[in-house]
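A.B. asks: A single structure is presented below for examination.
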Amino acid sequence: MYQFIVLMYHNFSDKRQNKYTLDFKTFNNQLDKLLVDGFVIEGFDGLLKRIKSGEWPERYVLITIDDGHRSNLIAAEILGNKGAGGTFFITKHYPNNQGDYLNQDEIFELSKIAHLGSHSVTHSNMTKLDPESLNFELANSKLWLEEITGQEITTLSVPGGFINSKVVKAAIDNGYELIGNSNEWWNNTSEIQHSRIVNRIAIRNTFSNHTLYKIINKDLKFFIGRKVRSGIISLPKRILFQ
Ligand SMILES: [Zn+2]
């Protein structure tokens, strides 16, 4: 059984906008640390190839970047310059409604240097949609990205991390091969082959290099701590944070 971590980023800016916005220097430093530690860094496209080939590097981490902020083009250049990969999950309606997002020309540009996936049409909680709306979110966002990029889109990140068996089945029925969630845990290859679901941990700008070290080394105390913080499990805090 082969295990690995998937990191989830969002926006990059030197101005802190929210806890998910990292400055480029921190992003650069984190990538350099991973590379110095011998990690091979890829996106979901690399993972799909490795699931088929069964060839896994000694140390492996995936980078995913959600929402399609305009800063993602620079992030993709940084990754490319370091010989690293990543998957950028784009939401269809964001570019039309808000200024900070990649427009269609920029999405095309991004597709030339990085792997793209769908992040739905409207960024709705997919578990709450009726079957028709769910199908629309999955099918229309895929088709839209395929028309812009001229490439087949086969990976999805569910908005807000909301996922259930209906969402997974509808995604697979719509031709998605991998589905990223926001379950902050590591992955193992046999589970992904069975479920098609990829666990991802959201990188906050409050995370130190030491925290990143804990993440990539699958520090059990850290990961259980994340579950407690998100309310998924409850344990006395003195056990976790002593
Ligand atoms: Zn999102």
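FYI, nothing fancy with the structure tokens labels: chains A, B, ... in order, residues from 1 per chain, ligands from 1 as they appear.
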Could you please extract the residues within 6 Å of ligand 1, counting only C-alpha atoms and all ligand atoms, and hand them back as a PyMOL selection string?

C.D. replies: chain A and resi 66-67+159-160

A.B. asks: Run DSSP on the backbone of this structure and report the residues of stretch 7-239 of chain A it assigns to strand (DSSP E), as a ChimeraX atom specification.

C.D. replies: /A:7-9,11-12,21-22,40-42,60-67,87-90,115-118,155-157,178-180,187-188,197-198,201-202

A.B. asks: Leaving out stretch 134-141 of chain A and any residue of its chain fewer than 4 positions from it, which residues lie within 10 Å of it when counting only C-alpha atoms, given as a compact mmCIF listing (two decimals) with C-alpha atoms, in the first residue's frame?

C.D. replies:
```txt
# COMPACT_ATOMS: atom_id res chain seq x y z
CA ILE A 90 -11.55 26.23 -12.11
CA THR A 91 -15.08 27.43 -11.30
CA LYS A 92 -17.01 28.52 -14.39
CA HIS A 93 -19.02 31.41 -12.95
CA GLY A 117 -9.81 20.26 -13.57
CA SER A 118 -13.38 21.33 -12.90
CA HIS A 119 -14.51 23.06 -9.73
CA SER A 120 -18.17 23.17 -10.86
CA VAL A 121 -20.24 25.91 -12.51
CA THR A 122 -21.53 27.88 -9.52
CA HIS A 123 -19.45 26.61 -6.55
CA SER A 124 -22.60 25.25 -4.87
CA ASN A 125 -22.70 22.55 -2.23
CA MET A 126 -23.24 19.58 -4.55
CA THR A 127 -24.73 17.36 -1.83
CA LYS A 128 -27.73 19.69 -1.63
CA LEU A 129 -28.55 19.77 -5.36
CA ASP A 130 -31.34 17.88 -7.09
CA LEU A 145 -13.29 23.86 -19.84
CA GLU A 146 -12.86 21.37 -22.68
CA GLU A 147 -14.01 23.99 -25.19
CA ILE A 153 -11.16 17.31 -18.42
CA LEU A 156 -12.95 17.39 -10.27
CA VAL A 158 -15.94 19.41 -5.10
CA LYS A 166 -24.61 10.62 -5.00
CA VAL A 167 -22.03 13.26 -5.94
CA ALA A 170 -22.79 11.46 -10.74
CA ALA A 171 -19.18 12.60 -11.19
CA ILE A 172 -18.05 9.17 -12.39
CA ASP A 173 -21.10 8.94 -14.69
CA ASN A 174 -20.02 12.28 -16.18
CA GLY A 175 -16.55 10.99 -17.02
CA TYR A 176 -14.51 12.17 -14.04
```

A.B. asks: So how far away is atom CA of A:Phe27 from atom CA of A:Met1, in Å?

C.D. replies: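 Computing the Euclidean distance for atom CA of A:Met1 and atom CA of A:Phe27 yields 29.6 Å.
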
A.B. asks: Hey, which of A:Thr206, A:Ser230, A:Ser53, A:Ser111 ends up closest to A:Thr26? Count only C-alpha atoms.

C.D. replies: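 Ranking A:Thr206, A:Ser230, A:Ser53, A:Ser111 by distance to A:Thr26, first place goes to A:Thr206.
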
A.B. asks: Identify which of the residues A:Asp23, A:Thr149, A:Lys52, A:Ile5 lies closest to A:Gln193, counting only C-alpha atoms when measuring atom-to-atom distances.

C.D. replies: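 Between A:Asp23, A:Thr149, A:Lys52, A:Ile5, the residue approaching A:Gln193 most closely is A:Lys52.
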
A.B. asks: With a distance cut-off of 9 Å and only C-alpha atoms, select the neighbouring residues of stretch 36-45 of chain A, excluding the residue or stretch itself and same-chain residues fewer than 4 positions from it, and output the selection as a ChimeraX atom specification.

C.D. replies: /A:6,31-32,49-50,57-64,79,83-88,114-117,154-155,178

A.B. asks: Per DSSP on the backbone, filter stretch 26-242 of chain A down to the residues in helix (DSSP H, G or I) and report them as number ranges by chain.

C.D. replies: A: 26-36, 44-53, 72-81, 94-97, 104-113, 126-128, 131-149, 159-161, 165-173, 189-195, 209-216, 220-229, 237-240

A.B. asks: Could you check how far atom CA of A:Arg229 sits from atom CA of A:Thr211, in Å to one decimal?

C.D. replies: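 Here the two named atoms are 15.2 Å from each other.
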
A.B. asks: From the options A:Gly225, A:Phe108, A:Lys82, A:Tyr101, which residue's atoms come nearest to A:Leu34, counting only C-alpha atoms?

C.D. replies: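 Under the stated criterion, the closest residue is A:Lys82.
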
A.B. asks: Rounded to one decimal, what separation in Å do you get between atom CA of A:Val168 and atom CA of A:Ile192?

C.D. replies: 12.2 Å

A.B. asks: Pick out the closest residue to A:Arg196 from this set: A:Gln151, A:Leu47, A:Pro131, A:Asn103. Count only C-alpha atoms.

C.D. replies: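 With only C-alpha atoms as the atom set, the closest residue is A:Leu47.
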
A.B. asks: Wanna dump the stretch 194-226 of chain A-stretch 17-22 of chain A contacts at 8 Å for me, each residue with its shortest atom pair and the distance in Å to one decimal, counting only C-alpha atoms, ordered by chain and number, as a tab-separated table?

C.D. replies:
```
residue	atom	partner	partner_atom	distance
A:Ala202	CA	A:Tyr20	CA	7.6
A:Ile203	CA	A:Tyr20	CA	6.5
A:Arg204	CA	A:Tyr20	CA	4.7
A:Asn205	CA	A:Leu22	CA	5.4
A:Thr206	CA	A:Lys19	CA	6.9
```
